[in-house]
file query_33.tsv (TSV, C-alpha atoms)
chain	number	residue	atom	x	y	z
S	125	MET	CA	6.35	-19.33	-34.42
S	126	PRO	CA	3.54	-19.80	-36.95
S	127	LEU	CA	0.30	-17.93	-36.33
S	128	PRO	CA	-2.24	-19.68	-38.55
S	129	PHE	CA	-5.13	-17.52	-37.35
S	130	LEU	CA	-3.42	-14.47	-38.85
S	131	THR	CA	-2.69	-15.88	-42.30
S	132	ALA	CA	-4.90	-15.22	-45.30
S	133	ASP	CA	-4.41	-18.68	-46.85
S	134	ARG	CA	-6.09	-20.47	-43.93
S	135	GLY	CA	-9.55	-19.48	-45.17
S	136	PHE	CA	-9.01	-21.21	-48.50
S	137	ASP	CA	-8.00	-24.54	-46.97
S	138	THR	CA	-11.28	-25.12	-45.12
S	139	ASP	CA	-14.86	-25.58	-46.18
S	140	GLU	CA	-16.70	-22.80	-44.38
S	141	ASP	CA	-20.05	-24.56	-44.56
S	142	VAL	CA	-19.22	-27.69	-42.56
S	143	ALA	CA	-21.63	-29.37	-40.17
S	144	LEU	CA	-21.55	-28.54	-36.50
S	145	PRO	CA	-19.62	-30.91	-34.22
S	146	PHE	CA	-21.61	-33.70	-32.61
S	147	ASP	CA	-22.77	-33.18	-29.06
S	148	ASP	CA	-24.56	-36.00	-27.26
S	149	ASP	CA	-26.67	-33.90	-24.83
S	150	HIS	CA	-30.12	-34.11	-26.43
S	151	ASP	CA	-31.88	-32.42	-23.49
S	152	GLN	CA	-30.45	-29.02	-24.39
S	153	TRP	CA	-32.18	-26.85	-26.99
S	154	ARG	CA	-29.88	-26.53	-29.99
S	155	ARG	CA	-30.00	-24.98	-33.42
S	156	PRO	CA	-29.22	-27.70	-35.99
S	157	TYR	CA	-27.44	-25.24	-38.30
S	158	ARG	CA	-25.19	-22.21	-38.19
S	159	PRO	CA	-26.76	-18.74	-38.33
S	160	GLY	CA	-26.61	-17.38	-41.86
S	161	PRO	CA	-24.48	-14.48	-43.07
S	162	TRP	CA	-27.48	-12.17	-43.52
S	163	ARG	CA	-28.57	-12.64	-39.93
S	164	VAL	CA	-25.05	-12.22	-38.55
S	165	ALA	CA	-24.42	-9.14	-40.69
S	166	ALA	CA	-27.66	-7.49	-39.55
S	167	ALA	CA	-26.80	-8.18	-35.91
S	168	ALA	CA	-23.28	-6.84	-36.41
S	169	VAL	CA	-24.61	-3.60	-37.93
S	170	ALA	CA	-27.05	-3.26	-35.03
S	171	LEU	CA	-24.23	-3.75	-32.51
S	172	LEU	CA	-22.12	-1.20	-34.37
S	173	LEU	CA	-25.00	1.25	-34.14
S	174	ALA	CA	-25.28	0.48	-30.42
S	175	SER	CA	-21.59	1.28	-29.95
S	176	PHE	CA	-22.09	4.70	-31.55
S	177	ILE	CA	-25.12	5.31	-29.34
S	178	LEU	CA	-23.07	4.36	-26.28
S	179	LEU	CA	-20.34	6.78	-27.39
S	180	ALA	CA	-22.98	9.50	-27.70
S	181	THR	CA	-24.24	8.52	-24.24
S	182	MET	CA	-20.79	9.04	-22.78
S	183	ILE	CA	-20.40	12.43	-24.47
S	184	ILE	CA	-23.84	13.56	-23.30
S	185	ALA	CA	-23.11	12.36	-19.75
S	186	PHE	CA	-19.79	14.26	-19.62
S	187	ALA	CA	-21.59	17.35	-20.89
S	188	GLY	CA	-23.84	17.17	-17.84
S	189	ALA	CA	-27.22	16.25	-19.39
S	190	LEU	CA	-27.87	13.11	-17.38
S	191	SER	CA	-31.50	12.71	-18.49
S	192	GLY	CA	-30.40	12.72	-22.15
S	193	ALA	CA	-27.64	10.24	-21.33
S	194	ALA	CA	-30.18	7.95	-19.65
S	195	VAL	CA	-32.40	8.06	-22.75
S	196	CYS	CA	-29.41	7.22	-24.99
S	197	LEU	CA	-28.36	4.43	-22.64
S	198	GLY	CA	-31.87	2.96	-22.77
S	199	LEU	CA	-31.88	3.16	-26.56
S	200	ALA	CA	-28.49	1.45	-26.76
S	201	ALA	CA	-29.69	-1.31	-24.44
S	202	LEU	CA	-32.78	-1.77	-26.63
S	203	VAL	CA	-30.63	-2.05	-29.79
S	204	ILE	CA	-28.30	-4.57	-28.10
S	205	VAL	CA	-31.21	-6.72	-26.88
S	206	GLY	CA	-32.71	-6.58	-30.40
S	207	ALA	CA	-29.44	-7.68	-31.98
S	208	LEU	CA	-29.09	-10.57	-29.56
S	209	ARG	CA	-32.70	-11.62	-30.14
S	210	MET	CA	-32.09	-11.46	-33.89
S	211	LEU	CA	-29.30	-14.00	-33.46
S	212	ARG	CA	-31.63	-16.33	-31.49
S	213	VAL	CA	-34.27	-16.41	-34.25
S	214	GLY	CA	-34.57	-19.79	-35.98
S	215	ALA	CA	-35.48	-23.40	-35.41
S	216	TRP	CA	-34.31	-25.22	-32.28
S	217	VAL	CA	-34.63	-28.92	-31.43
S	218	SER	CA	-34.24	-31.06	-28.35
S	219	ARG	CA	-35.51	-34.33	-26.97
S	220	HIS	CA	-38.61	-32.44	-25.79
S	221	GLY	CA	-39.75	-31.08	-29.16
S	222	VAL	CA	-39.15	-28.55	-31.87
S	223	ARG	CA	-39.18	-24.80	-31.28
S	224	ARG	CA	-39.56	-21.93	-33.73
S	225	VAL	CA	-38.14	-18.73	-32.31
S	226	ALA	CA	-39.33	-15.55	-34.02
S	227	PHE	CA	-38.32	-12.02	-33.09
S	228	PHE	CA	-41.33	-11.37	-30.84
S	229	ARG	CA	-42.71	-14.87	-30.34
S	230	THR	CA	-41.55	-18.39	-29.56
S	231	GLU	CA	-43.62	-21.45	-30.38
S	232	THR	CA	-42.78	-24.94	-29.11
S	233	VAL	CA	-44.33	-28.15	-30.39
S	234	PRO	CA	-43.67	-31.30	-28.34
S	235	TRP	CA	-42.66	-34.34	-30.38
S	236	ALA	CA	-45.78	-36.12	-29.11
S	237	ARG	CA	-47.93	-33.61	-31.03
S	238	VAL	CA	-45.91	-33.84	-34.29
S	239	SER	CA	-47.36	-36.10	-36.96
S	240	ALA	CA	-44.85	-35.28	-39.74
S	241	VAL	CA	-41.88	-33.10	-40.64
S	242	ARG	CA	-41.35	-32.58	-44.35
S	243	THR	CA	-39.93	-30.22	-46.94
S	244	VAL	CA	-42.51	-28.69	-49.28
S	245	GLN	CA	-42.43	-26.38	-52.30
S	246	GLN	CA	-44.50	-23.28	-51.57
S	247	PRO	CA	-44.36	-19.49	-51.71
S	248	VAL	CA	-42.00	-18.31	-48.95
S	249	ARG	CA	-41.12	-14.87	-47.64
S	250	TRP	CA	-37.82	-13.45	-48.87
S	251	LEU	CA	-35.64	-12.45	-45.86
S	252	GLY	CA	-38.79	-12.18	-43.76
S	253	LEU	CA	-40.14	-9.31	-45.86
S	254	PRO	CA	-43.69	-9.26	-47.26
S	255	ARG	CA	-42.43	-10.19	-50.75
S	256	THR	CA	-42.89	-13.90	-51.48
S	257	VAL	CA	-40.97	-16.08	-53.89
S	258	GLN	CA	-41.26	-19.74	-54.82
S	259	GLY	CA	-39.06	-21.79	-52.55
S	260	GLN	CA	-38.79	-24.63	-50.09
S	261	ALA	CA	-40.00	-24.69	-46.53
S	262	LEU	CA	-39.51	-27.23	-43.78
S	263	VAL	CA	-42.92	-27.61	-42.14
S	264	VAL	CA	-44.00	-29.41	-39.00
S	265	VAL	CA	-47.44	-30.97	-39.35
S	266	ARG	CA	-49.14	-31.16	-35.98
S	267	GLN	CA	-51.69	-33.76	-35.06
S	268	GLY	CA	-54.92	-32.30	-36.38
S	269	GLY	CA	-53.34	-31.08	-39.63
S	270	GLU	CA	-52.10	-27.61	-38.60
S	271	GLN	CA	-48.76	-26.74	-40.20
S	272	LEU	CA	-45.91	-24.69	-38.75
S	273	ALA	CA	-43.19	-23.46	-41.13
S	274	LEU	CA	-39.85	-23.88	-39.35
S	275	LEU	CA	-37.30	-22.96	-42.00
S	276	THR	CA	-37.33	-21.59	-45.52
S	277	ASP	CA	-34.57	-21.53	-48.09
S	278	HIS	CA	-35.01	-17.76	-48.52
S	279	ASN	CA	-34.74	-16.64	-44.89
S	280	ALA	CA	-31.75	-14.85	-43.36
S	281	ASP	CA	-30.05	-18.15	-42.52
S	282	PHE	CA	-30.26	-19.93	-45.86
S	283	LEU	CA	-30.44	-17.32	-48.65
S	284	ALA	CA	-28.00	-18.56	-51.33
S	285	ARG	CA	-27.03	-21.53	-49.11
S	286	VAL	CA	-29.05	-24.41	-50.57
S	287	GLU	CA	-26.77	-27.13	-49.18
S	288	ALA	CA	-27.02	-25.69	-45.68
S	289	PHE	CA	-30.84	-25.65	-45.92
S	290	ASP	CA	-30.89	-29.26	-47.10
S	291	ARG	CA	-28.57	-30.33	-44.27
S	292	ALA	CA	-30.62	-28.46	-41.64
S	293	ALA	CA	-33.88	-29.92	-42.99
S	294	ASP	CA	-32.40	-33.42	-42.93
S	295	THR	CA	-31.20	-32.90	-39.35
S	296	VAL	CA	-34.62	-31.76	-38.11
S	297	GLU	CA	-36.27	-34.65	-39.96
S	298	ALA	CA	-33.82	-37.04	-38.28
S	299	TRP	CA	-34.71	-35.61	-34.85
S	300	SER	CA	-38.37	-36.08	-35.74
S	301	ALA	CA	-37.78	-39.67	-36.81
S	302	GLU	CA	-36.00	-40.36	-33.53
S	303	TYR	CA	-38.32	-38.64	-31.06
S	304	ALA	CA	-41.74	-38.11	-32.67
S	305	VAL	CA	-44.47	-40.60	-31.82
S	306	SER	CA	-45.44	-42.55	-34.91
S	307	GLY	CA	-49.17	-42.54	-35.43

call {"tool": "encode", "arguments": {"input": "query_33.tsv", "output": "structure tokens"}}
result
Amino acid sequence: MPLPFLTADRGFDTDEDVALPFDDDHDQWRRPYRPGPWRVAAAAVALLLASFILLATMIIAFAGALSGAAVCLGLAALVIVGALRMLRVGAWVSRHGVRRVAFFRTETVPWARVSAVRTVQQPVRWLGLPRTVQGQALVVVRQGGEQLALLTDHNADFLARVEAFDRAADTVEAWSAEYAVSG
């Protein structure tokens, strides 16, 4: 009985950066790209830390210090919620508009208020840190001229994944061409 999910050669036969399968439900908010390895790795480390905190919570609870266990449990829950929120960060699209989800803030722009979606060369933040480098950003230009940077090629989803950034930018531009009101 072959078990292809356990073999090492299966990873070399596939292209790991393939497009997501097509789904026809355009009313649901969807991310037009896969989360990047930096974002997934950071969330995995945070969840690993949460598991150690939960282990400490159990030890403290069995030792009889219930107030200390409650504090550790609250800290573990905070780390888990942070890791899950970190995985939600990114650009999301639907028939209703485009949404940029940040760690503490979510901003939605309806397609009716979008005048253009384009890729521009500009200084971008490297992995969300204050350091900026020259790179590409996918920006949404609202009616009135205000710009909203959706994606950059140096964020946690696209660092060292230029093809994935290009494909995600093309996908968001296609959604804009389909649903945005031409002015």

call {"tool": "axis_aligned_box", "arguments": {"input": "query_33.tsv", "around": "stretch 153-156 of chain S", "padding_each_side": "4 Å", "output": "lines of an AutoDock Vina configuration file"}}
result
center_x = -30.7
center_y = -26.3
center_z = -31.5
size_x = 11.0
size_y = 10.7
size_z = 17.0

call {"tool": "closest_residue", "arguments": {"input": "query_33.tsv", "among": "S:Val169, S:Met182, S:Val263, S:Ala288", "to": "S:Val233", "atoms": "only C-alpha atoms"}}
result
S:Val263

call {"tool": "closest_residue", "arguments": {"input": "query_33.tsv", "among": "S:Ala194, S:Ala180, S:Ile204, S:Ala240", "to": "S:Val222", "atoms": "all atoms listed in the file"}}
result
S:Ala240

call {"tool": "atom_distance", "arguments": {"input": "query_33.tsv", "atom1": "atom CA of S:Ala236", "atom2": "atom CA of S:Ala280"}}
result
29.2 Å

call {"tool": "closest_residue", "arguments": {"input": "query_33.tsv", "among": "S:Asp294, S:Leu275, S:Ala207, S:Gln152", "to": "S:Gly221", "atoms": "all atoms listed in the file"}}
result
S:Gln152
